[in-house]
Amino acid sequence: MTNIILLGPPGAGKGTQARYLVESRNMVQLSTGDMLRDAQASGSEMGKRVAEVIARGELVTDEIVIGLIREKIEEGAEGGFIFDGFPRTLAQADALAELLSATGQKLDAVIEMQVDDEALVARITGRSTCGDCGEVYHDQTKPWPEDGKCANCGGTTQKRRADDNEESLRTRLMEYYKKTSPLIGYYYAKGNLQRLNGLDSIEKVRENLAWIMGE
Ligand code: AP5
């Protein structure tokens, strides 16, 4: 079993690579962003409370996010977890360490995906996903198929996220540098940190990630 964190700013490619790992290694992707968007879509009270916070690009409270992820970690995952977008604060990192240790699990690697801000803006403002299977597209580098059908599942709903605009992205980046980037030093000190050039092509990043994970 391998438990890894994909750490990186918005648009670094965490979700794109996590999908490959789910397919190739039977791992379970835990994306707190997806969980929060599911809560919004379900119309739950919590979903309503966080909707504006997410649209502004700010972080949701640690309490809510840890509450969302706790049960999943307790259930465990045979092929291991890919933590995508979690932890994002030092308090979340401490909570993750406690939860893993309390359930006899451990963290194997933290992979920091490095991408500069200019590339992040281009990636985020051009992103769309399939509303049925979540396949990730980009207007320039991986355009939504001309026949209007997702290449992965044939679904016909192309979705764009409410927070994928330049204004929210500025806040998301500020939140990342202020609250999440201290995790780089935190995990470096624990000897867990590995670095990956996220500016490489999607295929190259995928290869390098597989190499880091010992394939
Ligand atoms: P979340 O959903 O986690 O968003 P994010 O971290 O901002 O990351 P993204 O999903 O935007 O980017 P990604 O790295 O997955 O990139 P992707 O692979 O899609 O969080 C959203 C919000 O929820 C937060 O702002 C916050 O409010 C809240 N939240 C979530 N978790 C939280 C937590 N733990 N605590 C508090 N609040 C939380 O790729 C992007 C684009 O680039 C795609 O179009 C893709 O095709 C393209 N691309 C990917 N890789 C490459 C490549 N190598 N070359 C060229 N293009 C590429």
# chains A, B, ... in the order shown; residues from 1 in each chain; ligands from 1
>>> select_by_dssp(residues="segment 14-206 of chain A", states="helix (DSSP H, G or I)", output="PyMOL selection string")
chain A and resi 14-25+32-42+45-56+62-75+90-102+117-125+166-180+182-190+202-206
>>> residues_near_ligand(ligand="ligand 1", cutoff="7 Å", atoms="only C-alpha atoms and all ligand atoms", output="number ranges by chain")
A: 8-17, 31-34, 36, 53-54, 57-62, 65, 84-88, 123-124, 126-128, 136-138, 141-142, 172, 198-202, 205
>>> closest_residue(among="A:Val22, A:Cys150, A:Ile64, A:Ala41", to="Phe83 of chain A", atoms="only C-alpha atoms")
A:Val22
>>> closest_residue(among="A:Asn26, A:Ser44, A:Thr89, A:Ser101", to="Thr180 of chain A", atoms="only C-alpha atoms")
A:Thr89
>>> closest_residue(among="A:Ile66, A:Ala18, A:Ile73, A:Leu107", to="Ala95 of chain A", atoms="only C-alpha atoms")
A:Ile66
>>> select_by_dssp(residues="segment 20-125 of chain A", states="strand (DSSP E)", output="NGL selection string")
:A and (28-31 or 81-84 or 109-114)
>>> closest_residue(among="A:Gly43, A:Asp108, A:Asp139, A:Asn192", to="Ala122 of chain A", atoms="only C-alpha atoms")
A:Asp139
>>> residues_around(residues="Leu99 of chain A", least_positions_apart="4", cutoff="10 Å", atoms="only C-alpha atoms", output="PyMOL selection string")
chain A and resi 66+69-71+73-74+93-95+103-106
>>> write_last_selection(atoms="C-alpha atoms", output="PDB file, in the first residue's frame")
ATOM      1  CA  ILE A  66     -10.964  17.374   8.355  1.00  0.00           C
ATOM      2  CA  ILE A  69     -11.877  13.299   5.167  1.00  0.00           C
ATOM      3  CA  ARG A  70     -11.834  11.567   8.562  1.00  0.00           C
ATOM      4  CA  GLU A  71     -14.264   8.757   7.741  1.00  0.00           C
ATOM      5  CA  ILE A  73      -9.192   7.549   6.074  1.00  0.00           C
ATOM      6  CA  GLU A  74     -10.696   5.393   8.789  1.00  0.00           C
ATOM      7  CA  ALA A  93      -1.203  18.155   8.068  1.00  0.00           C
ATOM      8  CA  ASP A  94      -1.113  17.439  11.810  1.00  0.00           C
ATOM      9  CA  ALA A  95      -4.652  16.043  11.676  1.00  0.00           C
ATOM     10  CA  THR A 103      -5.526   3.686  11.946  1.00  0.00           C
ATOM     11  CA  GLY A 104      -2.131   1.950  11.524  1.00  0.00           C
ATOM     12  CA  GLN A 105      -1.373   3.649   8.209  1.00  0.00           C
ATOM     13  CA  LYS A 106       1.554   5.801   7.136  1.00  0.00           C
TER      14      LYS A 106
END
>>> atom_distance(atom1="atom CA of Glu98 of chain A", atom2="atom CA of Gly79 of chain A")
20.3 Å
>>> atom_distance(atom1="atom CA of Glu112 of chain A", atom2="atom CA of Asp164 of chain A")
21.6 Å
>>> closest_residue(among="A:Thr2, A:Ser181, A:Gln114, A:Gln40", to="Leu21 of chain A", atoms="only C-alpha atoms")
A:Thr2
>>> decode(residues="segment 84-104 of chain A", atoms="N, CA and C atoms", output="PDB file, in the first residue's frame")
ATOM      1  N   ASP A  84      -5.320  14.653  -2.701  1.00  0.00           N
ATOM      2  CA  ASP A  84      -5.274  15.663  -3.761  1.00  0.00           C
ATOM      3  C   ASP A  84      -5.948  16.928  -3.227  1.00  0.00           C
ATOM      4  N   GLY A  85      -5.130  17.934  -2.907  1.00  0.00           N
ATOM      5  CA  GLY A  85      -5.713  19.173  -2.361  1.00  0.00           C
ATOM      6  C   GLY A  85      -5.896  19.117  -0.858  1.00  0.00           C
ATOM      7  N   PHE A  86      -5.343  18.128  -0.219  1.00  0.00           N
ATOM      8  CA  PHE A  86      -5.378  17.966   1.240  1.00  0.00           C
ATOM      9  C   PHE A  86      -4.077  17.303   1.649  1.00  0.00           C
ATOM     10  N   PRO A  87      -3.397  17.751   2.688  1.00  0.00           N
ATOM     11  CA  PRO A  87      -3.712  18.905   3.523  1.00  0.00           C
ATOM     12  C   PRO A  87      -3.305  20.221   2.859  1.00  0.00           C
ATOM     13  N   ARG A  88      -3.893  21.311   3.345  1.00  0.00           N
ATOM     14  CA  ARG A  88      -3.596  22.631   2.795  1.00  0.00           C
ATOM     15  C   ARG A  88      -3.149  23.614   3.871  1.00  0.00           C
ATOM     16  N   THR A  89      -3.149  23.161   5.113  1.00  0.00           N
ATOM     17  CA  THR A  89      -2.664  24.012   6.214  1.00  0.00           C
ATOM     18  C   THR A  89      -1.870  23.108   7.159  1.00  0.00           C
ATOM     19  N   LEU A  90      -1.088  23.742   8.040  1.00  0.00           N
ATOM     20  CA  LEU A  90      -0.320  22.935   8.995  1.00  0.00           C
ATOM     21  C   LEU A  90      -1.263  22.165   9.921  1.00  0.00           C
ATOM     22  N   ALA A  91      -2.390  22.775  10.291  1.00  0.00           N
ATOM     23  CA  ALA A  91      -3.352  22.075  11.166  1.00  0.00           C
ATOM     24  C   ALA A  91      -3.898  20.835  10.459  1.00  0.00           C
ATOM     25  N   GLN A  92      -4.151  20.941   9.153  1.00  0.00           N
ATOM     26  CA  GLN A  92      -4.646  19.774   8.407  1.00  0.00           C
ATOM     27  C   GLN A  92      -3.562  18.693   8.311  1.00  0.00           C
ATOM     28  N   ALA A  93      -2.303  19.129   8.154  1.00  0.00           N
ATOM     29  CA  ALA A  93      -1.203  18.155   8.068  1.00  0.00           C
ATOM     30  C   ALA A  93      -1.066  17.396   9.388  1.00  0.00           C
ATOM     31  N   ASP A  94      -1.188  18.105  10.505  1.00  0.00           N
ATOM     32  CA  ASP A  94      -1.113  17.439  11.810  1.00  0.00           C
ATOM     33  C   ASP A  94      -2.281  16.465  11.973  1.00  0.00           C
ATOM     34  N   ALA A  95      -3.469  16.908  11.548  1.00  0.00           N
ATOM     35  CA  ALA A  95      -4.652  16.043  11.676  1.00  0.00           C
ATOM     36  C   ALA A  95      -4.473  14.781  10.827  1.00  0.00           C
ATOM     37  N   LEU A  96      -3.917  14.940   9.621  1.00  0.00           N
ATOM     38  CA  LEU A  96      -3.702  13.771   8.752  1.00  0.00           C
ATOM     39  C   LEU A  96      -2.725  12.798   9.413  1.00  0.00           C
ATOM     40  N   ALA A  97      -1.642  13.329   9.966  1.00  0.00           N
ATOM     41  CA  ALA A  97      -0.652  12.454  10.618  1.00  0.00           C
ATOM     42  C   ALA A  97      -1.316  11.673  11.753  1.00  0.00           C
ATOM     43  N   GLU A  98      -2.133  12.352  12.525  1.00  0.00           N
ATOM     44  CA  GLU A  98      -2.811  11.681  13.655  1.00  0.00           C
ATOM     45  C   GLU A  98      -3.776  10.605  13.162  1.00  0.00           C
ATOM     46  N   LEU A  99      -4.561  10.953  12.136  1.00  0.00           N
ATOM     47  CA  LEU A  99      -5.548   9.992  11.612  1.00  0.00           C
ATOM     48  C   LEU A  99      -4.870   8.760  11.036  1.00  0.00           C
ATOM     49  N   LEU A 100      -3.773   8.964  10.295  1.00  0.00           N
ATOM     50  CA  LEU A 100      -3.073   7.817   9.704  1.00  0.00           C
ATOM     51  C   LEU A 100      -2.483   6.941  10.806  1.00  0.00           C
ATOM     52  N   SER A 101      -1.864   7.591  11.781  1.00  0.00           N
ATOM     53  CA  SER A 101      -1.221   6.814  12.839  1.00  0.00           C
ATOM     54  C   SER A 101      -2.277   6.062  13.675  1.00  0.00           C
ATOM     55  N   ALA A 102      -3.410   6.704  13.931  1.00  0.00           N
ATOM     56  CA  ALA A 102      -4.451   6.057  14.737  1.00  0.00           C
ATOM     57  C   ALA A 102      -5.059   4.850  14.032  1.00  0.00           C
ATOM     58  N   THR A 103      -4.921   4.796  12.691  1.00  0.00           N
ATOM     59  CA  THR A 103      -5.526   3.686  11.946  1.00  0.00           C
ATOM     60  C   THR A 103      -4.441   2.743  11.399  1.00  0.00           C
ATOM     61  N   GLY A 104      -3.218   2.861  11.916  1.00  0.00           N
ATOM     62  CA  GLY A 104      -2.131   1.950  11.524  1.00  0.00           C
ATOM     63  C   GLY A 104      -1.640   2.167  10.109  1.00  0.00           C
TER      64      GLY A 104
END
